[in-house]
Structures are given as C-alpha cells and as structure tokens.
Amino acid sequence: MRKIVKNITMVSLLIAITLLTSSSRKTKSDFQVKTVIIDAGHGGRDPGALGSLSKEKDVVLSVSLKVGKYIEEHLPDVKVIYTRKTDVFITLKGRPQIANNNDGDVFISIHANSLPTETSQARKNSIYGTETYVMGAQNTGRNLEVAKRENSVILLEEDYEKEYDFDPGSPESAILFSITQSTFQDRSILLATNIENQFSKRAGRRSLGVKQSSLYVLWSTAMPSVLVEIGFLSNPKEEKELNDPSVQGNIASGIFRAFRDYKNEIESLN
C-alpha cells in the first residue's frame, strides 16, 4: 500500500513538473529555435554497436561533428551544444541533463544500428537503411531491440540501480509517456519525418521510416527530440559506406537540412 501511495505521489509530482515545463516553454519568445543539442551516441568505454571494421562510437562522433559544423556555418543564429566532441564516456542520464541545462530547443541523438550477433549472415546482408525514432511505448519487434540496446548503456554505470527509475513497462511510465508525447510529439515527428525524407530523397540512403520506442534519452529531454539510426554496422556494405567521409558528409548534410527546414517551419508559425 505504501509503495502504491509513493508511486502515485511520484507520478503526480512529475505530471506537475511536466505541465509547468510545457507552460513555460510555450511562452518562450516567438517560438524561435535558438539552441540545438547534438548528441553523439556512446563513447569512451562504451563502444556501442560493433561492426567488422569499426565501432559505433567513432562513426557517429564523426557524423555528429559534421552536423554541428553545417549548422554553425549556415545557421549562425543557432547555438550548437555537443554532449561530447571527443571519445569520452557520458552517462545516459548526463545526455538529457546537458540538453535541459542548456535550455535546448531541439535534441538530436545520432547512432548506428546493428542486428543481434546471433543473426544469420544472410539476414545481416539484407537489412540496411536509416530509421529515426521519437518517444513512444510501441516496444515490439525491432523497436524493442533498439530500445534494449540503446538503454543498456545504463549497465556500464556505477550504482545504476540507484540512479535510474526507468521501467518502460510500468503504469507510471505509461502515464508519463502520454504526457511527454502530447507536449512534444508533433514537433518530434515533424523533425523525424524531415530527416528521413532528406535521407531518401537527397542523401541517397534507404529510409526505413519514422518509428517510436521507449528510449531514455528521448524520455528525459524537455524539448522535441529524435534519435537517428544512420545505418547498420552489421551490414558489411553499409558499414563500409558509413566509414566513408563523403557518405558521412551526405548523411550529416541531410540531418542539417532537415533541422533547417524544421526551424523555418516552426518559426513561420509566429
């Protein structure tokens, strides 16, 4: 009984905080997109997905720095904040904290995909392409695989059981998911759609579409947020492409253009 009361109290408090955050952000001057957070996934002792030639942490850092450079060069009115610019370990909780503490307007987390190691080589050869995630509770099939892989970095942190109270299957989380989605979902989907459209129409990538999953970094950011999977390191052909600087540039420019178009559309609502 005491636990139930505690959970209800926690949910009530978080609802209040979320609503206050939503209210305060709605009054932000002219809805201008002034600060973007670029989050290169993994890093340091967390290599992320492993291909036969490369590590996710290195590939996504290179792409993330290119995205930030495009924004800095072509949108000088936008402040770019990086969660990391070198090969360092950042806790899963630390990434959204950086975004929230810097009053970010958009959070873009960049990752590379992979199939489980036990997957047959034939299947690995056949699965490739990009996909962009927004916050959601649709944890089935591949969406569940992605959620487990990206959230599993928690296990590399000391005292993670004390630091995190994140259970996508709990009733409390379901309530919070619905609140978070109602506040930022439309804009997150707009940005995610822009990104996938740029990948398929301009960057020459195969788009697997916009998807939803319970990803901690998206759940904890108080702003429109997306997690971009730029391709599969488990696919030999795509892994080679993802390590090609010119392909990385195409992917980064696609994310930049998607963000630019998102910014223009949001600010046109003024």
# chains A, B, ... in the order shown; residues from 1 in each chain; ligands from 1

$ residues_around --residues "region 49-55 of chain A" --least-positions-apart "2" --cutoff "10 Å" --atoms "only C-alpha atoms" --output "PDB file with C-alpha atoms, in the first residue's frame"
ATOM      1  CA  HIS A  42      28.108   6.056 -26.781  1.00  0.00           C
ATOM      2  CA  GLY A  43      31.814   6.918 -26.312  1.00  0.00           C
ATOM      3  CA  ASP A  46      31.028   2.228 -24.278  1.00  0.00           C
ATOM      4  CA  PRO A  47      31.808   1.363 -27.938  1.00  0.00           C
ATOM      5  CA  LYS A  57      31.036   5.484 -31.098  1.00  0.00           C
ATOM      6  CA  ASP A  58      33.627   6.570 -33.699  1.00  0.00           C
ATOM      7  CA  VAL A  59      31.313   6.642 -36.716  1.00  0.00           C
ATOM      8  CA  VAL A  60      28.583   8.649 -35.001  1.00  0.00           C
ATOM      9  CA  HIS A 111      23.545   6.415 -33.511  1.00  0.00           C
ATOM     10  CA  ALA A 112      24.349   3.492 -35.791  1.00  0.00           C
ATOM     11  CA  ASN A 113      22.203   0.395 -35.911  1.00  0.00           C
ATOM     12  CA  SER A 114      23.039  -3.300 -35.678  1.00  0.00           C
ATOM     13  CA  LEU A 115      21.305  -6.654 -35.672  1.00  0.00           C
ATOM     14  CA  PRO A 116      21.956  -9.082 -32.774  1.00  0.00           C
ATOM     15  CA  THR A 117      25.207 -11.043 -33.112  1.00  0.00           C
ATOM     16  CA  ARG A 149      20.380  -1.856 -26.997  1.00  0.00           C
ATOM     17  CA  GLU A 150      20.335   1.913 -26.568  1.00  0.00           C
ATOM     18  CA  PHE A 232      23.526  -0.814 -39.927  1.00  0.00           C
ATOM     19  CA  LEU A 233      27.088  -1.685 -38.950  1.00  0.00           C
ATOM     20  CA  SER A 234      26.001  -5.328 -39.102  1.00  0.00           C
ATOM     21  CA  ASN A 235      25.568  -4.977 -42.875  1.00  0.00           C
ATOM     22  CA  PRO A 236      29.041  -5.260 -44.473  1.00  0.00           C
ATOM     23  CA  GLU A 239      29.373  -0.408 -42.720  1.00  0.00           C
ATOM     24  CA  LYS A 240      31.940   0.445 -45.403  1.00  0.00           C
ATOM     25  CA  LEU A 242      29.291   4.659 -43.058  1.00  0.00           C
ATOM     26  CA  ASN A 243      33.074   4.862 -42.720  1.00  0.00           C
TER      27      ASN A 243
END

$ closest_residue --among "A:Leu227, A:Val217, A:Ile251, A:Ile90" --to "Leu65 (chain A)" --atoms "only C-alpha atoms"
A:Ile251

$ closest_residue --among "A:Thr91, A:Asp244, A:Lys237, A:Arg260" --to "Asn125 (chain A)" --atoms "only C-alpha atoms"
A:Lys237

$ select_by_dssp --residues "region 10-138 of chain A" --states "strand (DSSP E or B)" --output "list of chain:residue names"
A:Thr35, A:Val36, A:Ile37, A:Ile38, A:Asp39, A:Ala40, A:Gly43, A:Asp46, A:Leu50, A:Lys55, A:Lys79, A:Val80, A:Ile81, A:Tyr82, A:Val106, A:Phe107, A:Ile108, A:Ser109, A:Ile110, A:His111, A:Ala112, A:Asn113, A:Thr130, A:Glu131, A:Thr132, A:Tyr133, A:Val134, A:Met135
